[in-house]
Amino acid sequence: MPEETKSPSPSTDGEAKPAAEAPHRAAMPAKPTGPAPEPWKSPMIGRLQEQYGSGIDPLTYLGQNYMVVDSSLIPELLRVLRDQEEFDYCVDVTALHYPQREKQFDVIWILYSHPRNERIRVKTMIADGEIIPSCVSIWPTANWLEREVYDMFGIRFEGHPDMKRILLPDGWKGHPLRKDYGIIQQDNEWVQINLGIESGQ
Amino acid sequence: MTDATKYLSHLELGEPDKTFLDSNELIINMGPQHPATHGVLRVILKLDGEKVLGTECVIGYLHRGVEKIAEHRTYTMFNPYVDRMDYVAAVSNGLGYCEAVEKLLNVEAPPRANYIRVILTELNRLASHQLWLGTHALDIGAMTPLFYTFRDREEILKILEKYCGARLTTHAFRIGGCLYETYDGFERDVKKFIDSAPSKIDEYEELLTTNRIWVERTKGVGTISAKDCIALGVTGPVLRASGVKWDLRKAQPYAAYRDFDFEIPIGEKGDTYDRYLVRMQEMRQSLRIIEQAVGRIPEGPIMAKVPKVIKPAVGEIYHSIEAPKGELGYFIVSDGSTQPYRVRVRPPSFVNLQALDIMVRGQLVADVIAVIGTLDIVLGEVDR
């Protein structure tokens, strides 16, 4: 994992904590140091690196393998993983928001291979507003999962058959899992028009 | 009608015909308030007479923003929230979350805690399958199994209540192990339950397995192939009924499942009847696991050495368990503070529900009810 992804976001972080937590935190020792991610070596990684070179950064953390890849390799790399490396089951598609970073979002695919009984993660970084290719044509299960990422983070997937919200109502404004979206924030306008009440709080 | 048309824009609807009798295609709304949708699920159906041409699920009515809440709670404070997702199998949810955080902390629960966890989780799997059977049979028109299953489910809930004080949203486990020691007579209660349970499962089977109405309503209904299951990410009994022998308890064992001897029941055709048989077999296998575990719970502590304030090092982890509905995964990212930077829940019900469309296309309206029942979804988990 690159150094910048590790650093938490101090400003939004501090605001978000409940007040009761604050004195507690002051007494705490410095951040615990855990094991650092190590390079992940395997025949598969060898094959992929031969093909894609430095676009792939394979790592291992707590026994779990993942690779940070360049966003230009999506979706070719995912297709190669399914067709040549037998990762036939896409467990999850999700995202992470780091508002301090230039490339604000991590998009993560969790993959599993039934023949190999192996689980890996593929991670890429994209900027706000950047469009990423959809992988519905690779794993149909990505359909709803990508819609949820769009709903919660506002990341659009190009080539998705039906890119719209899934959990929140269609007319809702804002994407709740972004770090700049407050915990009690809501789309007041939507609530007033559709529920006929002043506020949902 | 207009609202439904808006949702179905991708199904290429033409102008509705002038009179109702002329029209071939009809769009109807099922839910969100419908007893057979097991909660607040809205399914928009495009019909040709009785035949289903396509469906569209509208979900989110129970969305509470669990993943957002997690970012504003400490690891310990978030623990009870996970019980509210799949509220009929709260113990499984708690197990998955606690194990994920333990992995992130790089600690392991002591063997005694793992055995208690396995017993309670398997009891909860039985309770979840019993609730599924009762409601699924009721949807199809068989009322008696509901009373039988709820009578027996009560025994399990009593054990859970005696153990931790709660029947449904149990919060039974803590990060690092269990908070409570087993109560006096725990083993006796569990043994009494597993002694009587097989004959009770026989009773359910007597009512349904060879019942002609049940067989006609479930055989060949909602068939899905193993290939489609894997492509759609379907897991749990639905995947196994299509013939894929895959269970996380065996494929990637967690807790104490390595120590026990049990089979993975599978089906052949992947229809509603096979899924019924697979779940019935799973109930018997769960009893087998409990029987092995309860006789030899190891002595020792029930809590690993975990700091009072949980503060994992910077990093991320994905851990998943075999919940009654399928693969339940937690992807947790730590920024080194007391609160998770992100908790992503990979809910089995949400992903399995996606297969509804492919399973009901070309079938009759009445079969939609059977298929929703056989998918065994819990809307609290679909919407989170």
# chains A, B, ... in the order shown; residues from 1 in each chain; ligands from 1
>>> interface_residues(of="chain B", to="chain A", cutoff="7 Å", atoms="only C-alpha atoms", output="list of chain:residue names")
B:Ile59, B:Gly60, B:His63, B:Lys68, B:His72, B:Ile230, B:Ala231, B:Leu232, B:Gly233, B:Ala251, B:Pro312, B:Ala313, B:Val314, B:Asp335, B:Gly336, B:Arg346, B:Asp383
>>> select_by_dssp(residues="chain A", states="helix (DSSP H, G or I)", output="ChimeraX atom specification")
/A:3-6,10-16,21-26,43-55,71-73,76-83,142-153,188-195
>>> residues_around(residues="His319 of chain B", least_positions_apart="2", cutoff="10 Å", atoms="only C-alpha atoms", output="PyMOL selection string")
(chain A and resi 64) or (chain B and resi 96-104+254+317+321+327-332+345-346)
>>> residues_around(residues="Lys162 of chain B", least_positions_apart="2", cutoff="12 Å", atoms="only C-alpha atoms", output="JSON, numbers by chain")
{"B": [120, 155, 156, 157, 158, 159, 160, 164, 165, 166, 167, 170, 172, 180, 181, 182, 183, 184, 185, 186, 187, 189, 190]}
>>> atom_distance(atom1="atom CA of Ser72 of chain A", atom2="atom CA of Pro347 of chain B")
29.2 Å
>>> atom_distance(atom1="atom CA of Lys308 of chain B", atom2="atom CA of Leu168 of chain B")
26.8 Å
>>> select_by_dssp(residues="segment 33-67 of chain A", states="strand (DSSP E or B)", output="list in words")
Glu38, Pro39, Ile56, Asp57, Pro58, Leu59, Thr60, Tyr61, Gln64, Asn65, Tyr66 and Met67 of chain A
>>> write_last_selection(atoms="N, CA and C atoms", output="PDB file, in the first residue's frame")
ATOM      1  N   GLU A  38       3.712  -6.904   3.045  1.00  0.00           N
ATOM      2  CA  GLU A  38       4.908  -7.448   2.399  1.00  0.00           C
ATOM      3  C   GLU A  38       4.600  -7.712   0.934  1.00  0.00           C
ATOM      4  N   PRO A  39       5.658  -7.791   0.111  1.00  0.00           N
ATOM      5  CA  PRO A  39       5.392  -8.128  -1.294  1.00  0.00           C
ATOM      6  C   PRO A  39       4.813  -9.531  -1.404  1.00  0.00           C
ATOM      7  N   ILE A  56       1.230  -3.185 -11.712  1.00  0.00           N
ATOM      8  CA  ILE A  56       0.687  -4.014 -10.635  1.00  0.00           C
ATOM      9  C   ILE A  56       1.632  -3.985  -9.440  1.00  0.00           C
ATOM     10  N   ASP A  57       1.066  -3.729  -8.260  1.00  0.00           N
ATOM     11  CA  ASP A  57       1.862  -3.739  -7.038  1.00  0.00           C
ATOM     12  C   ASP A  57       1.265  -4.800  -6.106  1.00  0.00           C
ATOM     13  N   PRO A  58       1.807  -6.027  -6.121  1.00  0.00           N
ATOM     14  CA  PRO A  58       1.209  -7.099  -5.327  1.00  0.00           C
ATOM     15  C   PRO A  58       1.692  -7.101  -3.880  1.00  0.00           C
ATOM     16  N   LEU A  59       0.760  -7.171  -2.920  1.00  0.00           N
ATOM     17  CA  LEU A  59       1.107  -7.094  -1.500  1.00  0.00           C
ATOM     18  C   LEU A  59       0.365  -8.156  -0.693  1.00  0.00           C
ATOM     19  N   THR A  60       0.930  -8.438   0.486  1.00  0.00           N
ATOM     20  CA  THR A  60       0.294  -9.362   1.418  1.00  0.00           C
ATOM     21  C   THR A  60       0.192  -8.681   2.771  1.00  0.00           C
ATOM     22  N   TYR A  61      -0.988  -8.714   3.376  1.00  0.00           N
ATOM     23  CA  TYR A  61      -1.136  -8.168   4.722  1.00  0.00           C
ATOM     24  C   TYR A  61      -1.961  -9.152   5.550  1.00  0.00           C
ATOM     25  N   GLN A  64      -3.407 -12.070   3.785  1.00  0.00           N
ATOM     26  CA  GLN A  64      -4.357 -11.868   2.692  1.00  0.00           C
ATOM     27  C   GLN A  64      -3.668 -11.130   1.555  1.00  0.00           C
ATOM     28  N   ASN A  65      -3.891 -11.630   0.343  1.00  0.00           N
ATOM     29  CA  ASN A  65      -3.191 -11.073  -0.814  1.00  0.00           C
ATOM     30  C   ASN A  65      -4.050 -10.050  -1.541  1.00  0.00           C
ATOM     31  N   TYR A  66      -3.426  -8.985  -1.950  1.00  0.00           N
ATOM     32  CA  TYR A  66      -4.138  -8.019  -2.775  1.00  0.00           C
ATOM     33  C   TYR A  66      -3.156  -7.337  -3.710  1.00  0.00           C
ATOM     34  N   MET A  67      -3.669  -6.730  -4.759  1.00  0.00           N
ATOM     35  CA  MET A  67      -2.804  -6.000  -5.660  1.00  0.00           C
ATOM     36  C   MET A  67      -3.387  -4.627  -5.950  1.00  0.00           C
TER      37      MET A  67
END
>>> decode(residues="segment 41-187 of chain A", atoms="C-alpha atoms", output="PDB file, in the first residue's frame")
ATOM      1  CA  LYS A  41       5.042 -13.453  -4.749  1.00  0.00           C
ATOM      2  CA  SER A  42       3.370 -16.257  -6.645  1.00  0.00           C
ATOM      3  CA  PRO A  43       3.492 -17.830 -10.102  1.00  0.00           C
ATOM      4  CA  MET A  44       0.314 -15.951 -10.990  1.00  0.00           C
ATOM      5  CA  ILE A  45       1.867 -12.610 -10.046  1.00  0.00           C
ATOM      6  CA  GLY A  46       4.904 -13.524 -12.131  1.00  0.00           C
ATOM      7  CA  ARG A  47       2.708 -14.108 -15.155  1.00  0.00           C
ATOM      8  CA  LEU A  48       0.726 -10.916 -14.613  1.00  0.00           C
ATOM      9  CA  GLN A  49       3.810  -8.780 -14.080  1.00  0.00           C
ATOM     10  CA  GLU A  50       5.349 -10.157 -17.238  1.00  0.00           C
ATOM     11  CA  GLN A  51       2.288  -8.962 -19.083  1.00  0.00           C
ATOM     12  CA  TYR A  52       1.574  -5.649 -17.322  1.00  0.00           C
ATOM     13  CA  GLY A  53       4.917  -4.702 -15.789  1.00  0.00           C
ATOM     14  CA  SER A  54       4.928  -2.042 -13.097  1.00  0.00           C
ATOM     15  CA  GLY A  55       1.187  -1.384 -13.329  1.00  0.00           C
ATOM     16  CA  ILE A  56       0.687  -4.014 -10.635  1.00  0.00           C
ATOM     17  CA  ASP A  57       1.862  -3.739  -7.038  1.00  0.00           C
ATOM     18  CA  PRO A  58       1.209  -7.099  -5.327  1.00  0.00           C
ATOM     19  CA  LEU A  59       1.107  -7.094  -1.500  1.00  0.00           C
ATOM     20  CA  THR A  60       0.294  -9.362   1.418  1.00  0.00           C
ATOM     21  CA  TYR A  61      -1.136  -8.168   4.722  1.00  0.00           C
ATOM     22  CA  LEU A  62      -2.062 -10.530   7.586  1.00  0.00           C
ATOM     23  CA  GLY A  63      -1.971 -13.436   5.182  1.00  0.00           C
ATOM     24  CA  GLN A  64      -4.357 -11.868   2.692  1.00  0.00           C
ATOM     25  CA  ASN A  65      -3.191 -11.073  -0.814  1.00  0.00           C
ATOM     26  CA  TYR A  66      -4.138  -8.019  -2.775  1.00  0.00           C
ATOM     27  CA  MET A  67      -2.804  -6.000  -5.660  1.00  0.00           C
ATOM     28  CA  VAL A  68      -2.894  -2.287  -6.245  1.00  0.00           C
ATOM     29  CA  VAL A  69      -3.218  -1.770  -9.967  1.00  0.00           C
ATOM     30  CA  ASP A  70      -3.256   1.131 -12.356  1.00  0.00           C
ATOM     31  CA  SER A  71      -6.817   2.167 -13.245  1.00  0.00           C
ATOM     32  CA  SER A  72      -5.991   1.918 -16.966  1.00  0.00           C
ATOM     33  CA  LEU A  73      -5.669  -1.881 -16.548  1.00  0.00           C
ATOM     34  CA  ILE A  74      -9.356  -2.180 -15.611  1.00  0.00           C
ATOM     35  CA  PRO A  75     -11.225  -4.114 -16.996  1.00  0.00           C
ATOM     36  CA  GLU A  76      -8.615  -6.084 -19.027  1.00  0.00           C
ATOM     37  CA  LEU A  77      -6.849  -7.324 -15.913  1.00  0.00           C
ATOM     38  CA  LEU A  78     -10.125  -8.459 -14.324  1.00  0.00           C
ATOM     39  CA  ARG A  79     -11.003 -10.331 -17.489  1.00  0.00           C
ATOM     40  CA  VAL A  80      -7.587 -12.024 -17.490  1.00  0.00           C
ATOM     41  CA  LEU A  81      -8.087 -12.977 -13.844  1.00  0.00           C
ATOM     42  CA  ARG A  82     -11.396 -14.617 -14.667  1.00  0.00           C
ATOM     43  CA  ASP A  83     -10.431 -16.314 -17.939  1.00  0.00           C
ATOM     44  CA  GLN A  84      -6.838 -17.336 -17.337  1.00  0.00           C
ATOM     45  CA  GLU A  85      -6.527 -17.473 -13.542  1.00  0.00           C
ATOM     46  CA  GLU A  86      -9.970 -18.997 -12.840  1.00  0.00           C
ATOM     47  CA  PHE A  87     -11.316 -16.293 -10.527  1.00  0.00           C
ATOM     48  CA  ASP A  88     -14.880 -17.176 -11.430  1.00  0.00           C
ATOM     49  CA  TYR A  89     -16.679 -15.621  -8.451  1.00  0.00           C
ATOM     50  CA  CYS A  90     -16.745 -11.887  -7.775  1.00  0.00           C
ATOM     51  CA  VAL A  91     -17.456 -11.695  -4.065  1.00  0.00           C
ATOM     52  CA  ASP A  92     -17.817  -7.960  -3.721  1.00  0.00           C
ATOM     53  CA  VAL A  93     -17.233  -4.603  -5.351  1.00  0.00           C
ATOM     54  CA  THR A  94     -16.775  -1.733  -2.981  1.00  0.00           C
ATOM     55  CA  ALA A  95     -14.990   1.582  -2.550  1.00  0.00           C
ATOM     56  CA  LEU A  96     -13.164   3.742  -0.039  1.00  0.00           C
ATOM     57  CA  HIS A  97     -13.039   7.527   0.179  1.00  0.00           C
ATOM     58  CA  TYR A  98      -9.875   9.456   1.093  1.00  0.00           C
ATOM     59  CA  PRO A  99     -10.804  13.143   0.696  1.00  0.00           C
ATOM     60  CA  GLN A 100      -7.213  14.327   1.307  1.00  0.00           C
ATOM     61  CA  ARG A 101      -5.799  12.406  -1.589  1.00  0.00           C
ATOM     62  CA  GLU A 102      -5.591  13.658  -5.138  1.00  0.00           C
ATOM     63  CA  LYS A 103      -7.081  10.401  -6.352  1.00  0.00           C
ATOM     64  CA  GLN A 104      -9.859  10.340  -3.812  1.00  0.00           C
ATOM     65  CA  PHE A 105     -11.308   6.884  -4.268  1.00  0.00           C
ATOM     66  CA  ASP A 106     -10.139   3.322  -3.953  1.00  0.00           C
ATOM     67  CA  VAL A 107     -12.301   0.871  -5.878  1.00  0.00           C
ATOM     68  CA  ILE A 108     -11.918  -2.687  -4.641  1.00  0.00           C
ATOM     69  CA  TRP A 109     -12.902  -6.002  -6.172  1.00  0.00           C
ATOM     70  CA  ILE A 110     -12.859  -9.019  -3.886  1.00  0.00           C
ATOM     71  CA  LEU A 111     -12.448 -12.146  -5.992  1.00  0.00           C
ATOM     72  CA  TYR A 112     -12.612 -15.824  -5.210  1.00  0.00           C
ATOM     73  CA  SER A 113     -11.631 -18.808  -7.310  1.00  0.00           C
ATOM     74  CA  HIS A 114     -13.682 -21.958  -6.817  1.00  0.00           C
ATOM     75  CA  PRO A 115     -11.122 -24.261  -8.508  1.00  0.00           C
ATOM     76  CA  ARG A 116      -8.183 -22.829  -6.536  1.00  0.00           C
ATOM     77  CA  ASN A 117      -9.974 -21.999  -3.253  1.00  0.00           C
ATOM     78  CA  GLU A 118      -8.140 -18.695  -3.219  1.00  0.00           C
ATOM     79  CA  ARG A 119      -9.293 -15.199  -2.381  1.00  0.00           C
ATOM     80  CA  ILE A 120      -7.625 -11.999  -3.586  1.00  0.00           C
ATOM     81  CA  ARG A 121      -8.417  -8.322  -3.762  1.00  0.00           C
ATOM     82  CA  VAL A 122      -7.789  -5.957  -6.642  1.00  0.00           C
ATOM     83  CA  LYS A 123      -7.592  -2.307  -5.794  1.00  0.00           C
ATOM     84  CA  THR A 124      -7.308   0.762  -7.974  1.00  0.00           C
ATOM     85  CA  MET A 125      -7.302   4.484  -7.333  1.00  0.00           C
ATOM     86  CA  ILE A 126      -9.425   6.996  -9.193  1.00  0.00           C
ATOM     87  CA  ALA A 127     -10.128  10.705  -8.898  1.00  0.00           C
ATOM     88  CA  ASP A 128     -13.505  12.246  -8.106  1.00  0.00           C
ATOM     89  CA  GLY A 129     -15.617  12.351 -11.263  1.00  0.00           C
ATOM     90  CA  GLU A 130     -13.447   9.853 -13.076  1.00  0.00           C
ATOM     91  CA  ILE A 131     -15.391   7.096 -14.793  1.00  0.00           C
ATOM     92  CA  ILE A 132     -14.324   3.496 -14.397  1.00  0.00           C
ATOM     93  CA  PRO A 133     -15.273   0.643 -16.750  1.00  0.00           C
ATOM     94  CA  SER A 134     -17.985  -1.646 -15.485  1.00  0.00           C
ATOM     95  CA  CYS A 135     -17.304  -5.357 -15.050  1.00  0.00           C
ATOM     96  CA  VAL A 136     -20.913  -6.533 -15.391  1.00  0.00           C
ATOM     97  CA  SER A 137     -19.936  -8.257 -18.641  1.00  0.00           C
ATOM     98  CA  ILE A 138     -17.274 -10.212 -16.725  1.00  0.00           C
ATOM     99  CA  TRP A 139     -19.292 -11.102 -13.617  1.00  0.00           C
ATOM    100  CA  PRO A 140     -23.061 -10.389 -13.825  1.00  0.00           C
ATOM    101  CA  THR A 141     -23.129 -10.147 -10.023  1.00  0.00           C
ATOM    102  CA  ALA A 142     -21.371  -6.795 -10.292  1.00  0.00           C
ATOM    103  CA  ASN A 143     -24.643  -5.266 -11.488  1.00  0.00           C
ATOM    104  CA  TRP A 144     -26.161  -4.488  -8.090  1.00  0.00           C
ATOM    105  CA  LEU A 145     -22.800  -4.155  -6.382  1.00  0.00           C
ATOM    106  CA  GLU A 146     -21.709  -1.395  -8.780  1.00  0.00           C
ATOM    107  CA  ARG A 147     -25.056   0.305  -8.387  1.00  0.00           C
ATOM    108  CA  GLU A 148     -24.509   0.354  -4.637  1.00  0.00           C
ATOM    109  CA  VAL A 149     -21.049   1.887  -5.070  1.00  0.00           C
ATOM    110  CA  TYR A 150     -22.581   4.551  -7.308  1.00  0.00           C
ATOM    111  CA  ASP A 151     -25.349   5.161  -4.774  1.00  0.00           C
ATOM    112  CA  MET A 152     -23.013   5.460  -1.799  1.00  0.00           C
ATOM    113  CA  PHE A 153     -19.937   7.090  -3.357  1.00  0.00           C
ATOM    114  CA  GLY A 154     -21.055   8.625  -6.654  1.00  0.00           C
ATOM    115  CA  ILE A 155     -18.569   6.634  -8.708  1.00  0.00           C
ATOM    116  CA  ARG A 156     -19.964   5.981 -12.180  1.00  0.00           C
ATOM    117  CA  PHE A 157     -19.279   2.732 -14.002  1.00  0.00           C
ATOM    118  CA  GLU A 158     -19.084   3.003 -17.769  1.00  0.00           C
ATOM    119  CA  GLY A 159     -20.962   0.334 -19.700  1.00  0.00           C
ATOM    120  CA  HIS A 160     -23.208  -0.633 -16.807  1.00  0.00           C
ATOM    121  CA  PRO A 161     -26.629  -1.632 -18.206  1.00  0.00           C
ATOM    122  CA  ASP A 162     -28.659   0.324 -15.662  1.00  0.00           C
ATOM    123  CA  MET A 163     -26.586   2.840 -13.692  1.00  0.00           C
ATOM    124  CA  LYS A 164     -28.960   4.225 -11.077  1.00  0.00           C
ATOM    125  CA  ARG A 165     -29.364   4.310  -7.325  1.00  0.00           C
ATOM    126  CA  ILE A 166     -30.310   1.121  -5.538  1.00  0.00           C
ATOM    127  CA  LEU A 167     -30.789   1.673  -1.800  1.00  0.00           C
ATOM    128  CA  LEU A 168     -31.636   5.369  -1.691  1.00  0.00           C
ATOM    129  CA  PRO A 169     -34.583   6.876  -3.580  1.00  0.00           C
ATOM    130  CA  ASP A 170     -33.972   7.934  -7.178  1.00  0.00           C
ATOM    131  CA  GLY A 171     -34.230  11.685  -6.557  1.00  0.00           C
ATOM    132  CA  TRP A 172     -31.890  11.777  -3.529  1.00  0.00           C
ATOM    133  CA  LYS A 173     -28.998  14.237  -3.587  1.00  0.00           C
ATOM    134  CA  GLY A 174     -25.602  13.316  -2.175  1.00  0.00           C
ATOM    135  CA  HIS A 175     -23.655  10.117  -1.647  1.00  0.00           C
ATOM    136  CA  PRO A 176     -23.685   9.109   2.032  1.00  0.00           C
ATOM    137  CA  LEU A 177     -20.504   7.073   2.350  1.00  0.00           C
ATOM    138  CA  ARG A 178     -18.293   9.941   1.227  1.00  0.00           C
ATOM    139  CA  LYS A 179     -16.349  11.248   4.189  1.00  0.00           C
ATOM    140  CA  ASP A 180     -17.676  14.800   3.710  1.00  0.00           C
ATOM    141  CA  TYR A 181     -21.267  13.595   4.129  1.00  0.00           C
ATOM    142  CA  GLY A 182     -22.268  14.047   7.773  1.00  0.00           C
ATOM    143  CA  ILE A 183     -23.715  11.275   9.883  1.00  0.00           C
ATOM    144  CA  ILE A 184     -27.045  13.090  10.425  1.00  0.00           C
ATOM    145  CA  GLN A 185     -27.040  14.866   7.064  1.00  0.00           C
ATOM    146  CA  GLN A 186     -29.914  14.145   4.728  1.00  0.00           C
ATOM    147  CA  ASP A 187     -31.610  15.481   1.640  1.00  0.00           C
TER     148      ASP A 187
END
